[in-house]
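Novice: If it helps, the file is called coords_20.cif and holds mmCIF, C-alpha atoms:
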data_my_file
loop_
_atom_site.label_atom_id
_atom_site.label_comp_id
_atom_site.auth_asym_id
_atom_site.auth_seq_id
_atom_site.Cartn_x
_atom_site.Cartn_y
_atom_site.Cartn_z
CA MET P 136 30.25 -25.39 -48.59
CA ASN P 137 27.18 -26.55 -46.68
CA ARG P 138 26.97 -30.26 -45.91
CA ASP P 139 23.73 -31.84 -47.20
CA ILE P 140 21.82 -33.84 -44.60
CA ARG P 141 19.02 -36.04 -45.88
CA TYR P 142 16.24 -36.53 -43.36
CA TYR P 143 13.09 -38.58 -43.20
CA LEU P 144 10.16 -37.04 -41.35
CA ASP P 145 7.16 -39.12 -40.35
CA ASP P 146 3.76 -38.00 -41.59
CA LEU P 147 2.75 -35.49 -38.95
CA ASP P 148 0.08 -32.86 -38.58
CA PRO P 149 0.91 -30.11 -41.17
CA LYS P 150 1.47 -27.60 -38.37
CA ALA P 151 3.97 -29.87 -36.66
CA THR P 152 5.76 -30.39 -39.97
CA ALA P 153 5.94 -26.65 -40.59
CA ALA P 154 7.32 -26.15 -37.08
CA ILE P 155 10.09 -28.71 -37.63
CA VAL P 156 11.08 -27.23 -41.00
CA TYR P 157 11.21 -23.74 -39.44
CA VAL P 158 13.62 -24.95 -36.77
CA LEU P 159 15.76 -26.85 -39.28
CA ASP P 160 16.06 -23.71 -41.42
CA HIS P 161 17.56 -21.80 -38.48
CA ILE P 162 19.89 -24.66 -37.55
CA ALA P 163 21.02 -24.90 -41.18
CA ARG P 164 21.98 -21.23 -41.16
CA ASP P 165 23.69 -21.32 -37.78
CA TYR P 166 25.72 -24.47 -38.42
CA LYS P 167 26.25 -24.10 -42.18
CA VAL P 168 24.52 -27.31 -43.16
CA SER P 169 21.66 -28.03 -45.55
CA PHE P 170 18.65 -30.24 -44.81
CA GLN P 171 17.04 -32.18 -47.67
CA ARG P 172 13.86 -34.12 -46.99
CA THR P 173 13.50 -37.60 -48.48
CA ASP P 174 10.37 -39.75 -48.76
CA PHE P 175 12.30 -42.96 -48.15
CA LYS P 176 13.78 -43.95 -44.80
CA GLU P 177 16.49 -46.05 -46.42
CA ASN P 178 17.85 -42.94 -48.19
CA ALA P 179 17.93 -40.81 -45.05
CA ASP P 180 20.93 -39.86 -42.93
CA ILE P 181 18.61 -39.25 -39.97
CA THR P 182 14.98 -39.92 -39.11
CA MET P 183 12.50 -37.80 -37.20
CA GLY P 184 9.19 -38.90 -35.78
CA GLU P 185 7.29 -40.45 -32.91
CA GLY P 186 8.90 -43.88 -33.09
CA GLU P 187 11.30 -45.38 -30.56
CA GLU P 188 13.90 -45.95 -33.28
CA ASP P 189 13.90 -42.38 -34.66
CA ASP P 190 17.05 -40.30 -34.25
CA PHE P 191 14.97 -37.29 -33.22
CA PHE P 192 11.79 -37.83 -31.25
CA ILE P 193 8.90 -35.44 -31.97
CA ALA P 194 6.10 -35.09 -29.42
CA SER P 195 3.60 -33.68 -31.91
CA ASN P 196 0.70 -34.27 -29.50
CA LYS P 197 2.27 -31.71 -27.16
CA LEU P 198 2.30 -29.07 -29.90
CA SER P 199 -1.35 -29.76 -30.65
CA ALA P 200 -2.16 -29.30 -26.97
CA ILE P 201 -0.40 -25.92 -26.96
CA ILE P 202 -2.19 -24.74 -30.08
CA ASP P 203 -5.55 -25.80 -28.65
CA GLN P 204 -4.54 -24.13 -25.35
CA ASP P 205 -5.21 -27.35 -23.48
CA LEU P 206 -1.75 -27.26 -21.91
CA ASP P 207 0.00 -24.50 -19.93
CA LEU P 208 3.24 -23.67 -21.73
CA LYS P 209 5.33 -23.35 -18.60
CA GLU P 210 4.01 -26.69 -17.35
CA LEU P 211 4.92 -28.33 -20.66
CA PHE P 212 8.65 -27.92 -19.99
CA LYS P 213 10.32 -29.99 -17.30
CA ILE P 214 13.82 -29.41 -15.99
CA GLN P 215 16.19 -32.19 -17.07
CA ASN P 216 19.85 -31.87 -16.03
CA GLY P 217 19.27 -28.17 -15.41
CA VAL P 218 17.64 -27.56 -18.82
CA PRO P 219 13.91 -27.00 -19.49
CA LEU P 220 12.74 -29.44 -22.17
CA ILE P 221 9.61 -30.93 -23.68
CA SER P 222 9.42 -34.69 -23.30
CA ASN P 223 6.90 -37.48 -23.64
CA LYS P 224 7.12 -40.94 -22.10
CA GLY P 225 10.71 -40.31 -21.11
CA LYS P 226 11.90 -39.19 -24.56
CA VAL P 227 13.17 -35.62 -25.00
CA ASP P 228 12.02 -33.51 -27.95
CA TYR P 229 14.70 -30.92 -28.74
CA LEU P 230 13.12 -29.84 -32.03
CA LEU P 231 9.72 -28.84 -30.68
CA SER P 232 11.34 -27.40 -27.55
CA ALA P 233 13.28 -25.13 -29.90
CA PHE P 234 10.20 -24.23 -31.94
CA VAL P 235 8.09 -23.26 -28.95
CA LEU P 236 10.72 -20.80 -27.68
CA LEU P 237 12.18 -19.59 -30.97
CA SER P 238 8.78 -18.82 -32.51
CA GLY P 239 7.48 -16.95 -29.45
CA ILE P 240 4.32 -19.03 -29.38
CA GLN P 241 3.74 -18.01 -25.74
CA GLU P 242 2.83 -14.52 -26.99
CA TRP P 243 0.30 -15.99 -29.39
CA ILE P 244 -1.55 -17.97 -26.77
CA SER P 245 -1.14 -15.54 -23.87
CA LYS P 246 -3.69 -12.85 -23.06
CA LYS P 247 -1.35 -11.05 -20.66
CA LYS P 248 -0.35 -7.45 -21.38
CA ASP P 249 1.28 -4.76 -19.28
CA LYS P 250 -0.25 -1.30 -18.90
CA TRP P 251 1.31 -0.27 -22.23
CA GLY P 252 -0.14 -3.24 -24.10
CA ARG P 253 3.19 -5.08 -24.28
CA PHE P 254 3.86 -8.75 -23.61
CA PRO P 255 5.29 -8.68 -20.07
CA TYR P 256 8.31 -10.38 -18.61
CA GLU P 257 6.31 -11.18 -15.50
CA GLY P 258 4.70 -14.57 -15.91
CA SER P 259 6.68 -15.42 -19.05
CA PHE P 260 8.57 -18.64 -19.71
CA GLN P 261 11.80 -16.65 -19.35
CA GLU P 262 10.91 -15.49 -15.84
CA LYS P 263 10.27 -19.06 -14.72
CA PHE P 264 13.31 -20.64 -16.35
CA GLY P 265 16.25 -18.28 -16.07
CA GLN P 266 15.44 -14.55 -15.90
CA ALA P 267 15.85 -14.19 -19.69
CA GLN P 268 19.62 -14.47 -19.33
CA VAL P 269 19.95 -17.95 -20.82
CA ALA P 270 19.66 -18.70 -24.55
CA TRP P 271 17.99 -22.09 -24.18
CA VAL P 272 17.41 -22.45 -27.94
CA ASP P 273 21.16 -22.14 -28.53
CA LEU P 274 21.67 -25.05 -26.13
CA TYR P 275 19.02 -27.12 -27.93
CA PHE P 276 20.71 -26.44 -31.27
CA GLU P 277 24.08 -27.50 -29.86
CA ASN P 278 22.57 -30.77 -28.66
CA ILE P 279 20.89 -31.37 -32.03
CA TYR P 280 24.17 -30.75 -33.85
CA GLU P 281 26.02 -33.15 -31.56
CA THR P 282 23.42 -35.82 -32.37
CA LEU P 283 23.88 -35.12 -36.08
CA LYS P 284 27.65 -35.49 -35.68
CA SER P 285 27.16 -38.90 -34.08
CA LYS P 286 25.28 -40.02 -37.22
CA ILE P 287 27.07 -38.12 -39.96
CA ASN P 288 30.61 -36.94 -40.61
CA LEU P 289 30.33 -33.28 -39.65
CA PRO P 290 33.08 -30.89 -38.52
CA ASN P 291 33.41 -29.50 -35.04
CA VAL P 292 32.04 -25.97 -34.82
CA LYS P 293 34.17 -23.20 -33.38
CA LYS P 294 31.96 -20.26 -32.55
CA PRO P 295 33.34 -16.85 -33.63
CA PRO P 296 33.35 -13.78 -31.38
CA SER P 297 29.84 -12.44 -30.90
CA ASN P 298 28.52 -9.63 -33.07
CA VAL P 299 27.19 -6.49 -31.40
CA VAL P 300 24.82 -3.97 -32.98
CA LEU P 301 24.85 -0.56 -31.31
CA THR P 302 21.65 1.50 -31.48
CA HIS P 303 20.31 4.86 -30.30
CA ASP P 304 16.66 5.92 -30.05
CA ILE P 305 16.28 9.68 -30.54
CA ASP P 306 13.16 10.66 -28.59
CA LEU P 307 14.10 14.08 -27.20
CA LEU P 308 16.16 16.97 -28.57
CA ARG P 309 14.80 20.04 -26.75
CA TRP P 310 16.95 21.86 -24.19
CA PRO P 311 16.25 20.07 -20.86
CA ILE P 312 16.60 23.21 -18.74
CA PHE P 313 13.89 22.32 -16.20
CA GLN P 314 15.01 18.70 -15.87
CA ASN P 315 18.63 19.74 -15.50
CA GLY P 316 17.81 22.55 -13.07
CA LYS P 317 15.76 20.27 -10.82
CA HIS P 318 18.49 17.64 -10.58
CA PHE P 319 21.26 20.23 -10.29
CA LEU P 320 19.58 21.89 -7.32
CA LYS P 321 18.66 18.59 -5.69
CA LYS P 322 22.26 17.45 -5.75
CA ASN P 323 24.16 20.68 -5.16
CA LEU P 324 22.07 23.01 -2.99
CA PRO P 325 22.83 21.20 0.28
CA SER P 326 26.57 21.03 -0.45
CA ASN P 327 27.17 24.56 -1.83
CA SER P 328 30.29 23.07 -3.40
CA VAL P 329 32.87 24.43 -5.84
CA GLU P 330 31.94 21.52 -8.12
CA ALA P 331 28.43 22.92 -8.36
CA LEU P 332 29.77 26.25 -9.62
CA HIS P 333 31.95 24.38 -12.12
CA ASN P 334 28.92 22.51 -13.50
CA LEU P 335 26.67 25.55 -13.61
CA PRO P 336 27.47 26.55 -17.25
CA THR P 337 26.27 23.14 -18.43
CA LEU P 338 22.75 24.13 -17.41
CA PHE P 339 22.74 26.67 -20.22
CA ARG P 340 23.64 24.24 -23.03
CA ASN P 341 21.26 21.98 -24.90
CA THR P 342 23.03 18.76 -24.01
CA ARG P 343 20.42 16.65 -25.83
CA LYS P 344 21.70 17.82 -29.19
CA ASN P 345 24.60 15.45 -28.82
CA ILE P 346 24.52 13.33 -32.00
CA ASP P 347 27.94 14.52 -33.12
CA ASN P 348 29.35 13.71 -29.68
CA ILE P 349 28.03 10.15 -29.93
CA LEU P 350 29.48 9.76 -33.42
CA GLU P 351 32.85 11.07 -32.28
CA LEU P 352 32.92 8.71 -29.30
CA GLU P 353 32.15 5.74 -31.51
CA ARG P 354 34.73 6.89 -34.08
CA GLN P 355 37.39 6.67 -31.38
CA PHE P 356 36.58 2.97 -31.00
CA GLY P 357 36.21 2.34 -34.74
CA VAL P 358 32.54 1.36 -34.48
CA HIS P 359 29.23 2.46 -36.02
CA SER P 360 25.62 2.41 -34.92
CA VAL P 361 21.95 2.70 -35.90
CA PHE P 362 20.00 5.88 -35.02
CA PHE P 363 16.21 5.49 -34.80
CA TRP P 364 14.27 8.71 -35.50
CA LEU P 365 10.66 9.59 -34.68
CA THR P 366 8.78 11.23 -37.55
CA GLU P 367 5.73 12.11 -35.42
CA LYS P 368 5.17 14.67 -32.64
CA GLY P 369 2.45 14.75 -29.98
CA ARG P 370 0.89 11.97 -27.96
CA GLY P 371 -0.22 8.57 -29.21
CA LYS P 372 -1.62 5.38 -27.67
CA PHE P 373 -1.70 5.25 -23.87
CA GLY P 374 -0.88 8.98 -23.86
CA ILE P 375 2.73 8.22 -24.76
CA LYS P 376 4.70 11.25 -25.99
CA ASN P 377 6.46 11.03 -29.31
CA ALA P 378 9.15 13.37 -30.63
CA ASP P 379 9.68 16.80 -29.10
CA TYR P 380 11.40 17.80 -32.37
CA SER P 381 10.53 18.09 -36.05
CA ILE P 382 12.06 15.43 -38.26
CA LYS P 383 12.51 18.17 -40.89
CA SER P 384 14.31 20.64 -38.62
CA PRO P 385 17.74 21.89 -39.74
CA TYR P 386 19.45 20.23 -36.78
CA VAL P 387 17.93 16.82 -37.53
CA MET P 388 18.69 17.08 -41.25
CA LYS P 389 22.30 17.98 -40.47
CA ALA P 390 22.61 15.23 -37.85
CA MET P 391 21.26 12.64 -40.29
CA GLU P 392 23.80 13.72 -42.87
CA HIS P 393 26.63 13.42 -40.35
CA ILE P 394 25.40 9.95 -39.40
CA LYS P 395 25.39 8.90 -43.05
CA GLN P 396 28.87 10.38 -43.63
CA SER P 397 30.19 8.48 -40.62
CA GLU P 398 28.86 5.21 -42.17
CA SER P 399 26.31 4.76 -39.41
CA VAL P 400 22.62 4.25 -40.26
CA ASN P 401 19.42 6.32 -39.97
CA ALA P 402 16.25 4.29 -39.36
CA LEU P 403 12.61 4.68 -38.33
CA HIS P 404 11.42 4.83 -34.73
CA LYS P 405 7.74 3.99 -35.27
CA SER P 406 5.64 6.34 -33.16
CA SER P 407 2.92 5.43 -30.66
CA LYS P 408 0.31 6.94 -32.98
CA ASP P 409 -2.23 4.85 -34.91
CA LYS P 410 -0.54 5.61 -38.19
CA ALA P 411 0.64 3.10 -40.77
CA LEU P 412 4.29 2.15 -40.65
CA LEU P 413 4.64 2.86 -44.37
CA LYS P 414 3.13 6.34 -43.92
CA GLU P 415 5.76 7.18 -41.32
CA LEU P 416 8.54 5.99 -43.65
CA GLU P 417 7.23 7.78 -46.73
CA GLY P 418 8.79 11.11 -47.54
CA TYR P 419 11.97 10.50 -45.53
CA SER P 420 14.48 9.09 -47.98
CA GLN P 421 17.23 9.36 -45.35
CA LEU P 422 15.60 6.54 -43.34
CA SER P 423 16.47 2.94 -44.15
CA PRO P 424 13.60 0.39 -44.22
CA ILE P 425 14.52 -0.63 -40.70
CA ASN P 426 12.33 -0.08 -37.64
CA ARG P 427 12.11 -0.05 -33.89
CA TYR P 428 8.80 0.71 -32.18
CA HIS P 429 8.82 3.68 -29.80
CA PHE P 430 8.44 2.59 -26.18
CA LEU P 431 8.80 -0.98 -27.51
CA LEU P 432 5.06 -0.91 -28.27
CA PHE P 433 5.45 -4.09 -30.25
CA ASP P 434 3.04 -6.98 -30.51
CA LEU P 435 4.14 -9.67 -32.94
CA LEU P 436 0.63 -10.85 -33.74
CA GLU P 437 -0.69 -7.35 -34.32
CA ASN P 438 2.35 -5.79 -35.98
CA GLY P 439 3.94 -8.76 -37.76
CA PRO P 440 1.91 -8.56 -41.00
CA GLU P 441 2.54 -4.82 -41.37
CA LEU P 442 6.25 -5.25 -40.68
CA ASN P 443 6.32 -8.02 -43.28
CA ARG P 444 4.93 -5.65 -45.91
CA THR P 445 7.05 -2.66 -45.01
CA VAL P 446 10.55 -3.27 -43.62
CA LYS P 447 13.50 -5.61 -44.03
CA GLN P 448 14.49 -5.62 -40.36
CA ASP P 449 12.88 -4.81 -37.02
CA TYR P 450 14.74 -4.15 -33.75
CA SER P 451 11.88 -4.13 -31.22
CA TYR P 452 11.81 -7.64 -29.78
CA GLY P 453 12.90 -7.42 -26.16
CA PHE P 454 11.66 -7.05 -22.61
CA ALA P 455 11.66 -3.44 -21.38
CA GLU P 456 11.81 -4.61 -17.76
CA GLN P 457 14.64 -7.12 -18.03
CA PRO P 458 17.84 -7.56 -20.05
CA GLY P 459 18.22 -10.71 -22.10
CA PHE P 460 16.30 -12.86 -24.55
CA ARG P 461 12.55 -12.60 -25.14
CA ASN P 462 12.55 -15.90 -27.05
CA SER P 463 15.59 -17.56 -25.41
CA TYR P 464 17.68 -17.31 -28.61
CA SER P 465 20.79 -15.19 -29.10
CA LEU P 466 20.69 -14.53 -32.86
CA PRO P 467 18.49 -12.60 -35.30
CA PHE P 468 15.59 -14.74 -36.49
CA HIS P 469 12.50 -14.77 -38.68
CA PRO P 470 9.41 -14.50 -36.44
CA PHE P 471 6.64 -17.01 -37.04
CA ASP P 472 3.29 -16.02 -38.55
CA PHE P 473 0.78 -18.03 -36.52
CA ASP P 474 -2.21 -16.86 -38.53
CA ASN P 475 -0.80 -18.44 -41.68
CA TRP P 476 1.51 -20.93 -39.95
CA ARG P 477 4.69 -19.96 -41.77
CA PRO P 478 7.71 -17.71 -41.15
CA PHE P 479 7.56 -13.98 -41.72
CA GLN P 480 9.97 -12.59 -44.33
CA PHE P 481 11.29 -9.72 -42.22
CA LEU P 482 14.30 -10.32 -40.01
CA GLU P 483 13.96 -9.61 -36.29
CA VAL P 484 17.07 -8.30 -34.52
CA PRO P 485 16.09 -8.59 -30.85
CA LEU P 486 16.95 -6.00 -28.21
CA HIS P 487 18.99 -7.34 -25.29
CA ILE P 488 20.51 -4.43 -23.39
CA MET P 489 18.74 -1.07 -22.83
CA ASP P 490 19.89 1.78 -20.61
CA ASN P 491 16.38 2.47 -19.32
CA THR P 492 15.96 -1.15 -18.20
CA PHE P 493 18.66 -0.65 -15.63
CA HIS P 494 17.99 3.01 -14.77
CA THR P 495 14.19 2.96 -14.45
CA TYR P 496 12.85 -0.58 -14.27
CA LEU P 497 15.62 -2.11 -12.13
CA GLY P 498 16.71 1.08 -10.35
CA ASN P 499 20.42 0.43 -10.89
CA SER P 500 23.21 2.94 -10.53
CA PRO P 501 25.64 3.16 -13.48
CA LYS P 502 28.12 1.05 -11.50
CA GLN P 503 25.53 -1.67 -10.81
CA ALA P 504 24.37 -1.61 -14.43
CA ASN P 505 27.96 -1.92 -15.64
CA GLU P 506 28.45 -5.08 -13.59
CA HIS P 507 25.23 -6.65 -14.89
CA ILE P 508 25.90 -5.73 -18.52
CA ASN P 509 29.47 -7.03 -18.48
CA GLU P 510 28.31 -10.26 -16.86
CA PHE P 511 25.61 -10.76 -19.50
CA MET P 512 27.89 -9.91 -22.42
CA SER P 513 30.64 -12.18 -21.10
CA ARG P 514 28.18 -15.04 -20.79
CA HIS P 515 27.45 -14.72 -24.51
CA LYS P 516 30.93 -13.89 -25.72
CA ARG P 517 30.93 -16.18 -28.73
CA GLY P 518 28.42 -17.17 -31.39
CA SER P 519 25.74 -14.59 -30.54
CA CYS P 520 24.48 -11.31 -32.01
CA LEU P 521 23.69 -8.87 -29.21
CA SER P 522 21.80 -5.59 -29.56
CA ILE P 523 22.42 -2.58 -27.30
CA LEU P 524 20.24 0.54 -27.00
CA TRP P 525 21.57 3.78 -25.50
CA HIS P 526 19.23 6.79 -25.85
CA ASN P 527 20.83 10.14 -26.64
CA GLU P 528 19.08 11.35 -23.46
CA PHE P 529 21.36 9.08 -21.42
CA PHE P 530 24.42 11.04 -22.57
CA THR P 531 23.13 14.18 -20.83
CA PRO P 532 24.38 15.29 -17.37
CA PHE P 533 22.50 15.80 -14.11
CA ARG P 534 19.59 13.33 -14.24
CA TYR P 535 21.68 10.82 -16.22
CA ALA P 536 25.05 11.60 -14.71
CA GLY P 537 27.39 8.66 -15.24
CA TRP P 538 25.34 6.91 -17.91
CA GLY P 539 27.20 8.45 -20.85
CA GLN P 540 30.46 7.39 -19.23
CA LEU P 541 29.02 3.91 -18.76
CA TYR P 542 28.43 3.65 -22.52
CA GLU P 543 32.06 4.62 -23.12
CA GLN P 544 33.18 1.97 -20.62
CA LEU P 545 31.00 -0.55 -22.43
CA LEU P 546 32.63 0.26 -25.78
CA LYS P 547 36.04 -0.19 -24.18
CA PHE P 548 34.99 -3.51 -22.63
CA LEU P 549 33.61 -4.81 -25.94
CA PHE P 550 36.08 -3.57 -28.51
CA VAL P 551 39.36 -2.95 -26.64
CA GLU P 552 39.44 -5.42 -23.76
CA ASN P 553 37.57 -8.10 -25.72
CA ASP P 554 37.11 -9.05 -29.38
CA TYR P 555 33.39 -8.55 -30.02
CA ASN P 556 32.59 -7.52 -33.59
CA CYS P 557 30.49 -4.44 -34.35
CA ILE P 558 27.88 -5.18 -37.03
CA LEU P 559 25.44 -2.99 -38.97
CA PRO P 560 22.12 -3.84 -40.68
CA GLU P 561 23.82 -4.57 -44.02
CA GLY P 562 26.06 -7.14 -42.37
CA ILE P 563 23.12 -8.59 -40.46
CA GLU P 564 21.20 -8.95 -43.73
CA LYS P 565 24.03 -10.91 -45.36
CA LYS P 566 24.81 -13.09 -42.39
CA TYR P 567 21.42 -13.91 -40.87
CA ARG P 568 18.69 -13.72 -43.52
CA ILE P 569 17.10 -17.10 -44.31
CA TYR P 570 13.93 -16.33 -46.28
#
Would you mind writing the structure in this file as structure tokens?
Specialist:
Amino acid sequence: MNRDIRYYLDDLDPKATAAIVYVLDHIARDYKVSFQRTDFKENADITMGEGEEDDFFIASNKLSAIIDQDLDLKELFKIQNGVPLISNKGKVDYLLSAFVLLSGIQEWISKKKDKWGRFPYEGSFQEKFGQAQVAWVDLYFENIYETLKSKINLPNVKKPPSNVVLTHDIDLLRWPIFQNGKHFLKKNLPSNSVEALHNLPTLFRNTRKNIDNILELERQFGVHSVFFWLTEKGRGKFGIKNADYSIKSPYVMKAMEHIKQSESVNALHKSSKDKALLKELEGYSQLSPINRYHFLLFDLLENGPELNRTVKQDYSYGFAEQPGFRNSYSLPFHPFDFDNWRPFQFLEVPLHIMDNTFHTYLGNSPKQANEHINEFMSRHKRGSCLSILWHNEFFTPFRYAGWGQLYEQLLKFLFVENDYNCILPEGIEKKYRIY
């Protein structure tokens, strides 16, 4: 049963009030408490405002400065005992610090985009304060809860093992004969080895049609995953290629059925084309109302309203160039609608670990990637919900030699050597939905 906490909030600017309520809603979910606002200080368990005597100080003038873009976001936060925080006149504001990061307000006020039109890691708050590896909002929430405990009789919180959602983007299914041949020759021509002859037959198999292999691997570990399918072929924005397969082909139809039978999930991989999200979902009853944008071509301000009308969950919120947290928070959340100054209804399940981040953007070998992934996952072993993306392309040999084995090692690390819990969209819906 949730513990009711009565709070008094000073009369603030309506936007500041909405920001505080948004943060309290997420804390209430995470710590299984309930916040009830009272109009009378004498009836309150805690007080919030700009006064010296308030239990939680709120620097509402700082929020106004951000909204008006009179204050650089990264300059707003100052390091205090190793933690970036908003403060004013020596008083720390944990609530607005949490709102600024949780809501992703930096993407609302920033004009920066990479060459694909995405919000970049370079120049972000996360680059300046911890390489996206640290969930600062989680730390703020812990501090807020400790303050609540000092005022109210609340239980200690023991964080459970972290949840992990496994996902696969299916971009390519055609036989990669030219790609495989190029990498086969590059590696094996100089050596003229027996191993090269042994691997030669693999060149003549379509190793991209590997959905059943992925399902079988995950079955061995007793886990399930989400498969994101492109419904569109051809090029879209920025010349980005979409599917090289037909969503209605016999292989895809059969693969989708096997996924469903295995209790995994089929979902939409929104293409790079200027086509409505709903239009791409229509006509494909096998696809759940769950989305991830192809190439992570996701802009919250541009795409948020359409997502809100169309899907229950989105899985696009992450940095392509860097593993970790795009809003410094380790759990699914409701993004904030800055045009209407209220939360969106759809649930965002951020992306934290992607194969291509390590292979292409960071230039890691499978061994190097394994070390980085295990370190990140171990750092967030309890109380988080972590999303992993492994493309079916990365289970193919030659160009991606070792990356399929790395995924298997990761499953062993998570579910055999440690006690992470595999979660699917239905479980995420029950556990993390607020609105």
Novice: Between CA of Phe481 (chain P) and CA of Gln448 (chain P), measure the distance and give it in Å to one decimal.
Specialist: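 Those two atoms sit 5.5 Å apart.
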Novice: Calculate how many Å separate CA of Lys566 (chain P) from CA of Val446 (chain P), rounding to one decimal.
Specialist: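 Here the two named atoms are 17.4 Å from each other.
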Novice: Going by the chain IDs and residue numbers used in this file, which residues fall under the PyMOL selection byres ((chain P and resi 528-532) around 8)? Write them as a list of chain:residue names.
Specialist: P:Ile305, P:Asp306, P:Leu307, P:Asn315, P:Thr342, P:Arg343, P:Asn345, P:Asp490, P:Trp525, P:His526, P:Asn527, P:Phe533, P:Arg534, P:Tyr535, P:Ala536, P:Gly537, P:Trp538, P:Gly539, P:Gln540
Novice: Using CA of Asn401 (chain P) and CA of Asn341 (chain P) as the two end points, give the distance in Å to one decimal.
Specialist: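 Straight-line distance from CA of Asn401 (chain P) to CA of Asn341 (chain P) works out to 21.8 Å.
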Novice: Carefully work through the PyMOL selection byres ((chain P and resi 471-479) around 9) for this structure and note down the residues it includes, as number ranges by chain.
Specialist: P: 150, 153-154, 157, 237-240, 243, 435-436, 439-440, 442-443, 469-470, 480-482, 570
Novice: Taking only C-alpha atoms into account, which of P:Pro296, P:Gly186, P:Pro467, P:Pro485 comes nearest Ile569 (chain P)?
Specialist: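 Going through P:Pro296, P:Gly186, P:Pro467, P:Pro485 one by one, the smallest distance to Ile569 (chain P) is for P:Pro467.
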Novice: Suppose a student applies the PyMOL selection byres ((chain P and resi 222-233) around 6) to this structure; what residues should they get, written as a list in words?
Specialist: Phe192, Ile193, Leu220, Ile221, Phe234, Val235, Leu236, Leu237, Val272 and Tyr275 of chain P
Novice: Given the choices P:Ala402, P:Ile181, P:Ile214, P:Met512, which gets closest to Leu559 (chain P) if the distance is worked out from all atoms listed in the file?
Specialist: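 The shortest atom-to-atom distance to Leu559 (chain P) comes from P:Ala402.
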Novice: For Gly374 (chain P), which residue out of P:Lys408, P:Lys248, P:Arg461, P:Lys197 is the nearest one, using all atoms listed in the file?
Specialist: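 For Gly374 (chain P), the nearest of the given residues is P:Lys408.
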Novice: Which residues come within 10 Å of Asp347 (chain P), counting all atoms listed in the file, excluding same-chain residues fewer than 4 positions away, as a list in words?
Specialist: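 That gives Glu351, Leu352, Glu353, Lys389, Ala390, Met391, His393, Ile394 and Ser397 of chain P.
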Novice: Hey, which of P:Gln241, P:Ser407, P:Asn462, P:Asn178 ends up closest to Ile201 (chain P)? Count only C-alpha atoms.
Specialist: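 Going through P:Gln241, P:Ser407, P:Asn462, P:Asn178 one by one, the smallest distance to Ile201 (chain P) is for P:Gln241.
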